[in-house]
Every structure is written in C-alpha cells, then in structure tokens.
>>> print(open('query.txt').read())   # compact mmCIF, C-alpha atoms
# COMPACT_ATOMS: atom_id res chain seq x y z
CA MET A 1 -81.16 -22.34 103.25
CA SER A 2 -78.26 -20.36 101.87
CA THR A 3 -78.60 -16.58 101.79
CA ILE A 4 -78.26 -14.87 98.42
CA THR A 5 -78.39 -11.09 98.27
CA THR A 6 -80.65 -9.11 95.95
CA GLU A 7 -77.56 -7.71 94.24
CA ALA A 8 -76.26 -11.22 93.56
CA LEU A 9 -79.59 -12.35 92.12
CA SER A 10 -79.78 -9.36 89.79
CA ALA A 11 -76.37 -10.26 88.40
CA THR A 12 -77.25 -13.91 87.66
CA THR A 13 -78.98 -15.37 84.63
CA LEU A 14 -82.22 -17.34 84.66
CA LEU A 15 -82.50 -20.93 83.40
CA ARG A 16 -85.88 -22.57 82.85
CA PHE A 17 -85.51 -26.33 82.76
CA ALA A 18 -87.76 -29.39 82.90
CA THR A 19 -87.22 -32.93 84.12
CA ALA A 20 -88.66 -36.04 82.51
CA GLY A 21 -88.27 -39.77 82.97
CA SER A 22 -90.19 -43.02 83.04
CA VAL A 23 -92.02 -44.18 86.15
CA ASP A 24 -89.62 -45.22 88.95
CA ASP A 25 -86.56 -43.83 87.19
CA GLY A 26 -86.02 -41.63 90.26
CA LYS A 27 -86.88 -38.26 88.79
CA SER A 28 -88.55 -36.83 91.89
CA THR A 29 -85.68 -38.12 94.00
CA LEU A 30 -83.23 -36.34 91.70
CA VAL A 31 -85.14 -33.08 92.02
CA GLY A 32 -85.33 -33.48 95.78
CA ARG A 33 -81.62 -34.26 95.99
CA LEU A 34 -80.81 -31.25 93.81
CA LEU A 35 -82.82 -28.95 96.05
CA HIS A 36 -81.53 -30.51 99.27
CA ASP A 37 -77.83 -30.62 98.43
CA SER A 38 -77.84 -27.12 96.92
CA LYS A 39 -79.33 -25.92 100.23
CA SER A 40 -82.49 -24.69 98.52
CA VAL A 41 -84.88 -26.31 100.99
CA LEU A 42 -86.29 -24.44 103.96
CA VAL A 43 -85.94 -26.04 107.39
CA ASP A 44 -89.69 -26.46 107.88
CA GLN A 45 -90.00 -28.12 104.45
CA LEU A 46 -87.30 -30.63 105.30
CA GLU A 47 -88.88 -31.31 108.70
CA ALA A 48 -92.24 -31.97 107.03
CA VAL A 49 -90.60 -34.46 104.64
CA GLU A 50 -88.83 -36.17 107.55
CA ARG A 51 -92.14 -36.54 109.42
CA ALA A 52 -93.94 -37.87 106.33
CA SER A 53 -91.12 -40.33 105.68
CA ALA A 54 -91.08 -41.54 109.28
CA SER A 55 -94.85 -42.09 109.23
CA ARG A 56 -94.31 -44.42 106.27
CA GLY A 57 -91.66 -46.42 108.12
CA GLN A 58 -88.68 -44.98 106.24
CA GLU A 59 -85.49 -44.37 108.17
CA ALA A 60 -84.08 -41.67 105.87
CA PRO A 61 -86.02 -38.70 104.44
CA ASP A 62 -87.67 -39.49 101.11
CA LEU A 63 -86.50 -36.49 99.09
CA ALA A 64 -89.05 -37.25 96.36
CA LEU A 65 -91.69 -35.86 98.71
CA LEU A 66 -90.25 -32.37 98.22
CA THR A 67 -91.94 -32.30 94.80
CA ASP A 68 -94.58 -35.03 94.91
CA GLY A 69 -97.05 -33.06 97.01
CA LEU A 70 -100.38 -34.51 95.87
CA ARG A 71 -101.85 -37.26 98.02
CA ALA A 72 -102.27 -39.57 95.02
CA GLU A 73 -98.64 -39.00 94.06
CA ARG A 74 -97.40 -40.03 97.48
CA GLU A 75 -99.68 -43.05 97.67
CA GLN A 76 -98.68 -44.38 94.26
CA GLY A 77 -95.07 -43.20 94.25
CA ILE A 78 -95.47 -41.46 90.88
CA THR A 79 -95.61 -37.87 89.66
CA ILE A 80 -99.00 -36.89 88.24
CA ASP A 81 -98.97 -33.14 87.75
CA VAL A 82 -96.27 -30.62 86.85
CA ALA A 83 -94.62 -29.20 89.97
CA TYR A 84 -92.78 -25.90 89.61
CA ARG A 85 -89.89 -25.10 91.92
CA TYR A 86 -87.93 -21.85 92.15
CA PHE A 87 -84.42 -21.83 93.55
CA ALA A 88 -81.10 -20.08 93.10
CA THR A 89 -77.39 -20.51 93.57
CA PRO A 90 -74.79 -17.72 93.59
CA ARG A 91 -74.24 -18.38 89.87
CA ARG A 92 -77.77 -18.66 88.45
CA ARG A 93 -81.51 -18.58 89.16
CA PHE A 94 -83.70 -21.53 88.18
CA ILE A 95 -87.33 -22.28 87.40
CA LEU A 96 -87.74 -26.05 87.46
CA ALA A 97 -90.72 -27.89 85.99
CA ASP A 98 -90.86 -31.42 87.42
CA THR A 99 -93.00 -33.27 84.87
CA PRO A 100 -94.67 -36.71 85.09
CA GLY A 101 -93.00 -39.74 83.52
CA HIS A 102 -96.02 -41.99 83.02
CA VAL A 103 -97.24 -42.21 79.42
CA GLN A 104 -100.72 -41.26 80.65
CA TYR A 105 -99.42 -37.81 81.62
CA THR A 106 -97.41 -36.98 78.51
CA ARG A 107 -99.59 -33.89 78.13
CA ASN A 108 -98.12 -32.55 81.37
CA MET A 109 -94.58 -33.07 80.06
CA VAL A 110 -95.48 -31.02 76.97
CA THR A 111 -96.72 -28.24 79.24
CA GLY A 112 -93.62 -28.22 81.41
CA ALA A 113 -91.12 -28.40 78.54
CA SER A 114 -92.83 -25.85 76.30
CA THR A 115 -90.97 -22.92 77.91
CA ALA A 116 -87.79 -24.79 78.91
CA GLU A 117 -84.30 -24.03 77.63
CA LEU A 118 -83.03 -27.37 78.94
CA THR A 119 -84.58 -30.76 79.63
CA VAL A 120 -83.16 -33.39 81.97
CA VAL A 121 -84.18 -36.88 80.77
CA LEU A 122 -83.68 -39.61 83.36
CA VAL A 123 -82.94 -43.22 82.51
CA ASP A 124 -82.76 -46.14 84.95
CA ALA A 125 -79.32 -47.68 84.42
CA ARG A 126 -80.83 -51.15 84.81
CA ASN A 127 -83.42 -50.64 82.06
CA GLY A 128 -81.64 -48.38 79.59
CA VAL A 129 -83.49 -46.47 76.87
CA VAL A 130 -87.18 -47.45 76.80
CA GLU A 131 -90.13 -46.25 74.72
CA GLN A 132 -91.01 -43.47 77.15
CA THR A 133 -87.39 -42.26 77.00
CA ARG A 134 -87.75 -41.99 73.24
CA ARG A 135 -91.03 -40.14 73.65
CA HIS A 136 -89.43 -37.62 76.00
CA ALA A 137 -86.55 -37.10 73.57
CA ALA A 138 -89.01 -36.63 70.71
CA ILE A 139 -91.01 -34.05 72.66
CA ALA A 140 -87.83 -32.15 73.58
CA ALA A 141 -86.87 -32.08 69.89
CA LEU A 142 -90.39 -31.16 68.81
CA LEU A 143 -90.47 -28.25 71.27
CA ARG A 144 -87.03 -27.10 70.08
CA VAL A 145 -85.45 -27.36 73.53
CA PRO A 146 -81.83 -26.38 72.80
CA HIS A 147 -80.11 -28.43 75.56
CA VAL A 148 -80.81 -32.00 76.72
CA VAL A 149 -79.15 -33.69 79.69
CA LEU A 150 -79.24 -37.50 79.85
CA ALA A 151 -79.05 -38.42 83.54
CA VAL A 152 -78.32 -42.15 83.83
CA ASN A 153 -79.66 -42.79 87.31
CA LYS A 154 -79.31 -45.65 89.83
CA MET A 155 -75.69 -46.26 88.90
CA ASP A 156 -75.29 -47.67 92.43
CA LEU A 157 -77.51 -50.60 91.41
CA VAL A 158 -75.24 -51.55 88.51
CA GLY A 159 -72.01 -51.35 90.46
CA TYR A 160 -71.10 -47.92 89.04
CA GLU A 161 -69.97 -49.70 85.84
CA GLU A 162 -68.66 -47.34 83.16
CA SER A 163 -69.63 -49.75 80.37
CA VAL A 164 -73.31 -49.65 81.38
CA PHE A 165 -73.33 -45.86 81.29
CA ALA A 166 -71.41 -45.68 78.01
CA ALA A 167 -73.81 -48.03 76.21
CA ILE A 168 -76.90 -46.08 77.33
CA ALA A 169 -75.32 -42.73 76.52
CA GLU A 170 -74.34 -43.91 73.02
CA GLU A 171 -77.83 -45.28 72.24
CA PHE A 172 -79.67 -42.20 73.49
CA THR A 173 -77.33 -39.71 71.82
CA ALA A 174 -77.68 -41.46 68.46
CA TYR A 175 -81.47 -41.41 68.76
CA ALA A 176 -81.61 -37.76 69.87
CA THR A 177 -79.27 -36.72 67.06
CA GLU A 178 -81.62 -38.31 64.51
CA LEU A 179 -84.40 -36.18 65.99
CA GLY A 180 -82.33 -33.05 65.53
CA VAL A 181 -81.55 -32.37 69.20
CA PRO A 182 -78.61 -29.94 68.97
CA GLU A 183 -76.83 -30.92 72.19
CA VAL A 184 -76.85 -33.92 74.55
CA THR A 185 -74.82 -34.06 77.77
CA ALA A 186 -74.75 -37.48 79.47
CA ILE A 187 -74.09 -37.65 83.24
CA PRO A 188 -73.95 -40.85 85.39
CA ILE A 189 -75.69 -40.29 88.73
CA SER A 190 -77.24 -41.87 91.78
CA ALA A 191 -79.97 -39.53 92.98
CA LEU A 192 -80.55 -41.61 96.11
CA ALA A 193 -76.90 -41.55 97.16
CA GLY A 194 -76.18 -38.09 95.78
CA ASP A 195 -73.49 -39.13 93.29
CA ASN A 196 -72.81 -36.46 90.63
CA VAL A 197 -75.98 -34.48 91.41
CA VAL A 198 -74.46 -31.55 93.29
CA ASP A 199 -71.19 -33.11 94.47
CA ALA A 200 -68.81 -35.16 92.34
CA SER A 201 -68.83 -38.90 92.99
CA ALA A 202 -65.72 -40.61 94.36
CA ARG A 203 -67.19 -43.94 93.21
CA MET A 204 -67.14 -42.99 89.51
CA ASP A 205 -63.62 -41.64 89.09
CA TRP A 206 -63.76 -42.75 85.45
CA TYR A 207 -66.19 -39.86 84.78
CA GLY A 208 -64.54 -36.47 84.30
CA GLY A 209 -67.52 -34.32 83.31
CA PRO A 210 -69.66 -31.91 85.32
CA THR A 211 -72.22 -32.78 87.96
CA VAL A 212 -75.86 -32.03 87.18
CA LEU A 213 -75.81 -28.73 89.10
CA GLU A 214 -72.47 -27.68 87.58
CA HIS A 215 -73.90 -28.19 84.10
CA LEU A 216 -77.10 -26.32 84.98
CA GLU A 217 -75.06 -23.41 86.30
CA THR A 218 -72.77 -23.17 83.28
CA VAL A 219 -74.79 -24.20 80.22
CA PRO A 220 -75.10 -21.25 77.80
CA VAL A 221 -78.54 -19.66 78.00
CA SER A 222 -79.79 -17.58 75.11
CA HIS A 223 -83.37 -16.51 75.69
CA ASP A 224 -83.06 -12.88 74.71
CA LEU A 225 -86.27 -12.57 72.71
CA ALA A 226 -85.86 -8.81 72.36
CA HIS A 227 -84.05 -9.33 69.05
CA CYS A 228 -86.67 -11.71 67.60
CA HIS A 229 -89.62 -10.76 65.38
CA ALA A 230 -91.65 -8.16 67.32
CA ARG A 231 -95.13 -9.45 68.17
CA LEU A 232 -97.82 -8.01 70.48
CA PRO A 233 -101.01 -10.10 70.86
CA VAL A 234 -103.79 -7.74 71.94
CA GLN A 235 -105.49 -8.92 75.13
CA TYR A 236 -107.68 -5.95 75.97
CA VAL A 237 -108.78 -2.60 74.53
CA ILE A 238 -108.63 0.20 77.12
CA ARG A 239 -111.12 3.02 76.55
CA PRO A 240 -111.77 4.87 79.87
CA GLN A 241 -113.88 7.72 78.37
CA THR A 242 -113.43 9.75 81.53
CA ALA A 243 -113.17 13.51 81.94
CA ASP A 244 -109.39 13.19 82.27
CA LEU A 245 -109.03 10.74 79.36
CA PRO A 246 -111.91 11.38 76.98
CA ASP A 247 -110.12 10.18 73.83
CA TYR A 248 -107.75 7.55 75.25
CA ARG A 249 -107.74 4.32 73.23
CA GLY A 250 -105.01 1.84 74.18
CA TYR A 251 -104.31 -1.73 73.16
CA ALA A 252 -102.97 -3.78 76.05
CA GLY A 253 -101.06 -7.05 76.04
CA GLN A 254 -97.81 -8.80 76.88
CA ILE A 255 -95.12 -8.50 74.23
CA ALA A 256 -94.51 -12.05 72.98
CA SER A 257 -91.18 -11.25 71.34
CA GLY A 258 -89.12 -8.41 69.97
CA THR A 259 -89.04 -4.68 70.69
CA PHE A 260 -91.52 -1.87 69.96
CA ARG A 261 -90.65 1.84 69.74
CA VAL A 262 -92.65 5.04 69.67
CA GLY A 263 -92.81 6.35 66.09
CA GLU A 264 -92.56 2.88 64.55
CA GLU A 265 -94.97 1.96 61.74
CA VAL A 266 -97.01 -1.10 62.64
CA THR A 267 -99.61 -3.34 61.04
CA VAL A 268 -102.62 -4.86 62.77
CA LEU A 269 -103.26 -8.46 61.73
CA PRO A 270 -105.23 -10.16 60.35
CA SER A 271 -106.95 -7.00 59.00
CA GLY A 272 -103.73 -5.58 57.55
CA ARG A 273 -104.49 -2.00 58.64
CA THR A 274 -101.41 0.14 59.28
CA SER A 275 -100.67 2.96 61.69
CA THR A 276 -97.84 4.42 63.77
CA ILE A 277 -97.13 3.95 67.48
CA ALA A 278 -98.01 7.27 69.14
CA GLY A 279 -97.17 6.15 72.67
CA ILE A 280 -96.36 3.20 74.93
CA ASP A 281 -97.54 3.03 78.55
CA LEU A 282 -95.69 0.73 80.96
CA LEU A 283 -96.93 0.46 84.54
CA GLY A 284 -98.87 3.68 84.05
CA GLU A 285 -95.86 5.64 82.80
CA PRO A 286 -94.99 6.57 79.20
CA VAL A 287 -91.86 4.97 77.73
CA ASP A 288 -90.17 5.23 74.35
CA VAL A 289 -89.22 1.53 74.03
CA ALA A 290 -90.72 -1.74 75.31
CA TRP A 291 -89.54 -5.32 74.83
CA THR A 292 -90.31 -8.99 75.35
CA THR A 293 -92.41 -10.13 78.36
CA GLN A 294 -93.30 -6.56 79.35
CA SER A 295 -97.03 -5.93 79.66
CA VAL A 296 -97.76 -2.65 77.93
CA THR A 297 -100.49 -0.49 76.44
CA VAL A 298 -99.83 0.76 72.90
CA LEU A 299 -101.47 3.90 71.51
CA LEU A 300 -101.73 4.43 67.75
CA THR A 301 -101.94 7.65 65.73
CA ASP A 302 -105.03 6.41 63.84
CA ASP A 303 -108.39 5.14 65.11
CA VAL A 304 -108.12 1.75 63.45
CA ASP A 305 -110.31 -1.22 64.35
CA VAL A 306 -108.29 -3.29 66.84
CA SER A 307 -109.83 -6.02 69.01
CA ARG A 308 -108.76 -8.75 71.41
CA GLY A 309 -107.05 -11.47 69.41
CA ASP A 310 -105.44 -9.12 66.90
CA LEU A 311 -101.67 -9.07 66.51
CA ILE A 312 -99.66 -5.83 66.32
CA VAL A 313 -96.40 -6.23 64.37
CA PRO A 314 -93.84 -3.97 62.67
CA THR A 315 -94.97 -3.30 59.11
CA LYS A 316 -91.51 -4.17 57.78
CA ASP A 317 -91.54 -7.55 59.57
CA ALA A 318 -95.13 -8.76 59.31
CA PRO A 319 -95.88 -12.49 59.03
CA ALA A 320 -98.15 -13.76 56.29
CA THR A 321 -101.75 -14.59 57.21
CA THR A 322 -103.23 -17.91 56.20
CA GLN A 323 -106.26 -20.12 56.66
CA ASP A 324 -104.24 -23.29 55.96
CA VAL A 325 -101.98 -24.27 58.83
CA GLU A 326 -99.61 -27.25 58.60
CA ALA A 327 -97.96 -28.29 61.84
CA THR A 328 -96.45 -31.04 63.94
CA VAL A 329 -98.64 -31.87 66.91
CA CYS A 330 -98.67 -33.90 70.08
CA HIS A 331 -102.18 -35.19 70.77
CA VAL A 332 -102.89 -35.04 74.50
CA ALA A 333 -106.59 -35.89 74.87
CA ASP A 334 -108.10 -39.32 75.50
CA GLN A 335 -110.48 -38.91 72.57
CA PRO A 336 -108.74 -39.35 69.21
CA LEU A 337 -108.15 -36.58 66.69
CA THR A 338 -109.56 -37.53 63.29
CA VAL A 339 -109.72 -36.11 59.78
CA GLY A 340 -112.82 -33.92 59.59
CA HIS A 341 -112.69 -33.15 63.33
CA ARG A 342 -114.22 -29.71 64.04
CA VAL A 343 -112.20 -27.87 66.65
CA LEU A 344 -111.32 -24.47 68.03
CA LEU A 345 -107.77 -23.29 67.35
CA LYS A 346 -106.24 -20.94 69.95
CA HIS A 347 -103.26 -18.95 68.71
CA GLY A 348 -101.98 -16.28 71.07
CA THR A 349 -105.05 -14.38 72.27
CA ARG A 350 -107.16 -15.34 69.24
CA THR A 351 -109.51 -18.34 69.04
CA VAL A 352 -111.08 -19.39 65.73
CA LYS A 353 -113.14 -22.27 64.40
CA ALA A 354 -111.20 -24.86 62.41
CA ILE A 355 -111.41 -28.29 60.78
CA VAL A 356 -108.73 -30.96 60.63
CA LYS A 357 -108.25 -31.26 56.88
CA ASP A 358 -105.67 -34.05 56.80
CA ILE A 359 -103.31 -36.09 58.98
CA PRO A 360 -100.42 -36.78 56.58
CA SER A 361 -98.34 -38.90 58.95
CA ARG A 362 -97.82 -40.29 62.44
CA LEU A 363 -94.38 -40.72 63.96
CA THR A 364 -93.30 -44.20 65.12
CA LEU A 365 -91.03 -43.57 68.09
CA ALA A 366 -89.20 -46.90 67.97
CA ASP A 367 -87.43 -46.24 64.65
CA LEU A 368 -88.55 -42.68 63.76
CA SER A 369 -90.39 -43.95 60.68
CA LEU A 370 -93.51 -42.19 59.44
CA HIS A 371 -96.82 -44.03 59.17
CA PRO A 372 -98.55 -42.29 56.22
CA HIS A 373 -102.16 -41.10 56.39
CA PRO A 374 -103.16 -42.79 59.66
CA GLY A 375 -106.50 -40.94 59.60
CA THR A 376 -106.41 -40.51 63.37
CA LEU A 377 -104.10 -39.60 66.25
CA ALA A 378 -104.58 -41.28 69.64
CA ALA A 379 -103.52 -39.94 73.02
CA ASN A 380 -99.77 -39.18 73.15
CA ASP A 381 -99.31 -39.66 69.39
CA ILE A 382 -97.02 -37.26 67.52
CA GLY A 383 -97.87 -36.51 63.92
CA ARG A 384 -98.38 -33.98 61.15
CA VAL A 385 -101.73 -32.27 60.57
CA LYS A 386 -103.24 -29.86 58.08
CA ILE A 387 -105.86 -27.51 59.46
CA ARG A 388 -108.26 -25.13 57.73
CA THR A 389 -109.33 -22.15 59.85
CA ALA A 390 -112.50 -20.09 59.51
CA GLU A 391 -110.49 -16.85 59.67
CA PRO A 392 -106.96 -15.95 58.56
CA LEU A 393 -104.24 -16.25 61.20
CA PRO A 394 -100.85 -14.50 61.34
CA VAL A 395 -98.64 -17.45 62.28
CA ASP A 396 -94.87 -17.68 62.50
CA SER A 397 -92.84 -20.84 62.09
CA TYR A 398 -92.23 -22.48 65.45
CA ALA A 399 -88.52 -22.64 64.56
CA ASP A 400 -88.53 -18.82 64.47
CA SER A 401 -90.80 -18.15 67.45
CA ARG A 402 -91.94 -20.61 70.10
CA ARG A 403 -94.56 -18.09 71.27
CA THR A 404 -96.28 -17.13 68.01
CA GLY A 405 -95.50 -20.37 66.19
CA SER A 406 -97.51 -22.54 68.58
CA PHE A 407 -101.20 -23.19 69.11
CA ILE A 408 -103.62 -25.56 70.82
CA LEU A 409 -106.71 -27.32 69.50
CA ILE A 410 -109.75 -27.24 71.77
CA ASP A 411 -112.93 -29.31 71.82
CA PRO A 412 -115.73 -26.79 71.09
CA GLY A 413 -118.18 -28.88 73.10
CA ASP A 414 -116.55 -28.95 76.53
CA GLY A 415 -113.40 -26.83 76.22
CA THR A 416 -111.00 -29.77 76.61
CA THR A 417 -107.50 -29.23 75.25
CA LEU A 418 -107.03 -31.79 72.48
CA THR A 419 -103.68 -31.12 70.85
CA ALA A 420 -100.56 -28.96 71.15
CA GLY A 421 -99.26 -27.80 67.78
CA MET A 422 -96.05 -26.33 66.38
CA VAL A 423 -96.31 -24.57 63.01
CA GLY A 424 -93.93 -25.49 60.21
CA GLU A 425 -91.38 -28.23 59.76
CA SER A 426 -90.64 -30.70 62.53
CA PHE A 427 -87.60 -32.85 63.27
CA ALA A 428 -88.83 -35.44 60.74
CA ALA A 429 -89.78 -34.40 57.20
CA PRO A 430 -93.25 -35.65 56.32
CA GLU A 431 -93.94 -37.77 53.28
CA PRO A 432 -95.32 -35.88 50.23
CA VAL A 433 -99.08 -35.72 50.45
CA THR A 434 -101.52 -35.41 47.55
CA GLU A 435 -104.02 -32.64 48.16
CA GLY A 436 -107.55 -33.92 48.58
CA ASP A 437 -110.85 -32.49 47.40
CA ASP A 438 -112.12 -29.52 49.38
CA ASP A 439 -115.78 -30.22 48.57
CA GLY A 440 -117.95 -30.10 51.66
CA TRP A 441 -116.06 -27.33 53.37
CA ASP A 442 -118.31 -24.65 54.76
CA PHE A 443 -115.67 -21.96 55.07
>>> encode(input="query.txt", output="structure tokens")
Amino acid sequence: MSTITTEALSATTLLRFATAGSVDDGKSTLVGRLLHDSKSVLVDQLEAVERASASRGQEAPDLALLTDGLRAEREQGITIDVAYRYFATPRRRFILADTPGHVQYTRNMVTGASTAELTVVLVDARNGVVEQTRRHAAIAALLRVPHVVLAVNKMDLVGYEESVFAAIAEEFTAYATELGVPEVTAIPISALAGDNVVDASARMDWYGGPTVLEHLETVPVSHDLAHCHARLPVQYVIRPQTADLPDYRGYAGQIASGTFRVGEEVTVLPSGRTSTIAGIDLLGEPVDVAWTTQSVTVLLTDDVDVSRGDLIVPTKDAPATTQDVEATVCHVADQPLTVGHRVLLKHGTRTVKAIVKDIPSRLTLADLSLHPHPGTLAANDIGRVKIRTAEPLPVDSYADSRRTGSFILIDPGDGTTLTAGMVGESFAAPEPVTEGDDDGWDF
C-alpha cells in the first residue's frame, strides 16, 4: 500500500461517494479494481482474496471479494449490505459506500447515497439502461447528489465499440437531466480488465476523457456546511450538579450545519423561547465559535426549558414550525405505506407521532409520469406524501439542508424503518391535490 504522510492528508479534500448498479453489472469488481490499482489494498487483504478465489477454482483474484465480505454475498455473487471503504491518494481522501444493486435492497442504496457528494452508476454495456438504472438515477436526484458518474462497464464484451457507449450515455444523460441531475459524466470502462478505472485504456483511444479515479480526484467538492443555516439538534442535557459545577446546565449535540458564536441570540424550537449563547464547550474546553459536525455543549444565559429533540437555531434565521409536512419519499419497507397509516416520524433527534394524511402521487420510473392518488406505496416506490404530526416540527427544505430537511417514518409497533423522506419539492412537480376532510383526526 502506498505511503501517504499525515501532512499530505491534511492538505487534501474529502470526497464521499457511493456506487450503484444492477445485479451483475460488475460494481463490486469496479470497487475492487479501484482499490487494487490505486494501491489502497493491504498485502494481507490481497492474500486473503487470492486464497478465497483459489478455493473457488478461479485462476485470477476475484477483486469483488474486497468488498463483498458477507458469506451470503460471496455465495450468491451479489452485494446485500452497504460496505464502507476508506482510502486515499496523494490528491484526495475518499469514503466509499458500496451499495447493493438488487431492487430488494434499494433501501441500502438510499442509506449509502444519503451523505454522498457523488454517485457512480454502473451499466452493463450489453444491457444498457434498465429499470434499476433509472431507479438509481432517480434516487441520486431525489437525494440531491450533485455529481453523477455513468460508468459503462464490460466494454470488453462489446468489442470496445464507441457507438455502444455513445448510445447508452445519450439515453442515460437525457433521463437524468429530466430528473434534474445537475451533472453527468460518462466513462467507458472494463472493471475486470482495468480499462479506464485507474489507468487509461489503450483499447479505447476514441475516448479522451478522464479515468474513474482521475474524475474522483478532480471533481469539485463543495460540502462546506459552515455557511449554511445554523442548526443544533439537542441530544442530551448536561446537568452535573456537583460541588465544582453546581449551576452548570449545558445542551449537547452535533452541529448539523452552520456556525454558532458566543453572544449570539438563539431560539429554541419548537417552543420558540429565545436566549443568548453564554458559552460553548468543545472537548471540555471553552471556545468562542463552533461549526458543522463539531460535537459541542452550548450554555445559555437564561434557564429556558430545553430537552432532547429540541433544535437550537439563530433567532434571525429560524425555520418555521409546522404540523403539516409535505415531502418526497422512498418507501423501503416490505409492508406498504397507506393513507391513514399511523407512524412515528424521526426528524433529527426528535421523534413524534404522525399520520399519513395523503399520498398525492407515485412516480413511474419508466417515463417519469406521475400516477395520481395511488393510495399506497409499495417497497421501493418513490412518491409524494402529506403527513400530519402530533407536535410542531422545525423543518427545512431538503434543497436547503440535507440534514434538517430529511426524516424517516418508523413503525410504532416494532421500530422498523418504513420510509425515507425529503421535505419540500422533488425533481418532479406533483399534480395539484384537492385537500380532503380532516374529520376523524385525533390531533
């Protein structure tokens, strides 16, 4: 494995990216090739893969085994769960989420792509764009992933023909553009042979673009959340009541976005009570300023009622609170989501009771048309929902904040995650919906 100094790492940027593709498109092989050819695999890891491959009668190492670690994955030759890999080159650090391609595990793809700045969508050159490819593109658009790479794999099996690649790239780009994906970069590759993954291919001299790794190293990354709306979901109230700290009352949590400063006027939501930041503790030491992803304890000048689940925000930039949430969702549970379904809605650190008030539309992936008022969403469906919550929630639009504009719906009976939701408008405008009668609501 190549040696990268601490100084070099501190000077590089971080890219979070996810991979997605249909079953047998070669996604795990691509990830394995990327790790292997970029010299990001330890010697003992490679030796273990070589032994496992030899025991299965394979002459060459099966690089897919570098990520497909579960026994069921190796037996079936498919990816089942999200596998996270951490590696670095002299130019950039990476957190890779290798997500499953099978439609049954779409929920895992949502998980892996939810924090990604780039998604690599694989397509088998022999099959072209299929329904699962469209689903992966729709999820990338729904999750507002700013960069999408179309990796047309197995070019070796179509004779490295430029026309095959061009047709697939044109079809996918047109579809992704309709979804609102801001950028698509198409790259012809052979993960098995290593063409255009890390090293440029001599067999596709008609292609003049970057390899997969070159694009990953150079794509612009803008994940500076310090300049976004400041939001601090309260996770825990610290009240030691010791001889040294008899009056200490701190509100601890990880800053979801933005920057907080001592002396700033803040509002606690959903109560709406205001106060001023008297102090900020970071790793046991007082600081004047704290920003996104730092875990801090905030002290206020007033003894206001603050509990786990509350949201501390700047008074001048406070979101509105509402009990009526409209969102685009991806349903991930086997049991359907229906109108009238009683659920728990988890937003940040707060969980409240809720009812599905309406399902205005369901997205048809084939042509991006909207099926109005389906009444239910099945597993892997994408649609619009209206939800009524028992308590007001301070929600942002997902377009403004991926952290505080998202939520999940939970089955109150067994705690199963039902649906992943994104507040506000989606990539497809829903049809106008006539408001129904609210009779029968108990909150």
>>> atom_distance(input="query.txt", atom1="CA of Gly112 in chain A", atom2="CA of Ile95 in chain A")
10.5 Å
>>> closest_residue(input="query.txt", among="A:Gln323, A:Ser361, A:Ser114, A:Ser406", to="Ile387 in chain A", atoms="only C-alpha atoms")
A:Gln323
>>> atom_distance(input="query.txt", atom1="CA of Leu192 in chain A", atom2="CA of Ser163 in chain A")
20.8 Å
>>> closest_atom_pairs(input="query.txt", of="range 124-231 of chain A", to="range 397-402 of chain A", cutoff="9 Å", atoms="all atoms listed in the file", output="CSV")
residue,atom,partner,partner_atom,distance
A:Leu143,CA,A:Arg402,CA,7.9
A:Arg144,CA,A:Ala399,CA,7.3
A:Leu225,CA,A:Ser401,CA,8.9
A:Cys228,CA,A:Ser401,CA,7.7
A:His229,CA,A:Ser401,CA,7.8
>>> residues_near_point(input="query.txt", point="(-94.5, -27.3, 58.0)", cutoff="7 Å", atoms="only C-alpha atoms", output="ChimeraX atom specification")
/A:326-327,423-426
>>> residues_around(input="query.txt", residues="range 15-32 of chain A", least_positions_apart="2", cutoff="6 Å", atoms="all atoms listed in the file", output="VMD selection string")
chain A and resid 34 to 36 63 to 64 66 94 to 99 101 to 102 113 116 to 124 132 191
>>> closest_residue(input="query.txt", among="A:Asn108, A:Val356, A:Lys386, A:Val198", to="Ser40 in chain A", atoms="only C-alpha atoms")
A:Val198
>>> atom_distance(input="query.txt", atom1="CA of Ser257 in chain A", atom2="CA of Gln294 in chain A")
9.5 Å
>>> residues_near_point(input="query.txt", point="(-106.6, -37.8, 62.9)", cutoff="8 Å", atoms="all atoms listed in the file", output="PyMOL selection string")
chain A and resi 336-339+341+356+358-359+374-378+385
>>> closest_atom_pairs(input="query.txt", of="range 236-266 of chain A", to="range 297-313 of chain A", cutoff="6 Å", atoms="only C-alpha atoms", output="Markdown table")
| residue | atom | partner | partner_atom | distance |
| --- | --- | --- | --- | --- |
| A:Tyr236 | CA | A:Arg308 | CA | 5.5 |
| A:Gly250 | CA | A:Leu299 | CA | 4.9 |
| A:Tyr251 | CA | A:Val298 | CA | 5.1 |
| A:Ala252 | CA | A:Thr297 | CA | 4.1 |
| A:Val266 | CA | A:Val313 | CA | 5.4 |
>>> residues_around(input="query.txt", residues="Ala88 in chain A", least_positions_apart="2", cutoff="9 Å", atoms="all atoms listed in the file", output="NGL selection string")
:A and (4 or 9 or 14 or 38 or 40 or 86 or 90-95)
>>> residues_around(input="query.txt", residues="Ala138 in chain A", least_positions_apart="2", cutoff="8 Å", atoms="only C-alpha atoms", output="list of chain:residue names")
A:Arg134, A:Arg135, A:His136, A:Ala140, A:Ala141, A:Leu142, A:Ala176, A:Leu179, A:Leu365
>>> closest_residue(input="query.txt", among="A:Thr111, A:Gly405, A:Ala186, A:Pro360", to="His373 in chain A", atoms="all atoms listed in the file")
A:Pro360
>>> closest_residue(input="query.txt", among="A:Ala243, A:Ile255, A:Val158, A:Val184", to="Val219 in chain A", atoms="only C-alpha atoms")
A:Val184
>>> residues_around(input="query.txt", residues="Tyr207 in chain A", least_positions_apart="2", cutoff="9 Å", atoms="all atoms listed in the file", output="number ranges by chain")
A: 162, 187-188, 201, 204-205, 209-210
>>> residues_around(input="query.txt", residues="Ala193 in chain A", least_positions_apart="6", cutoff="9 Å", atoms="all atoms listed in the file", output="compact mmCIF listing (two decimals) with C-alpha atoms, in the coordinates of the input")
# COMPACT_ATOMS: atom_id res chain seq x y z
CA ARG A 33 -81.62 -34.26 95.99
CA LYS A 154 -79.31 -45.65 89.83
CA ASP A 156 -75.29 -47.67 92.43
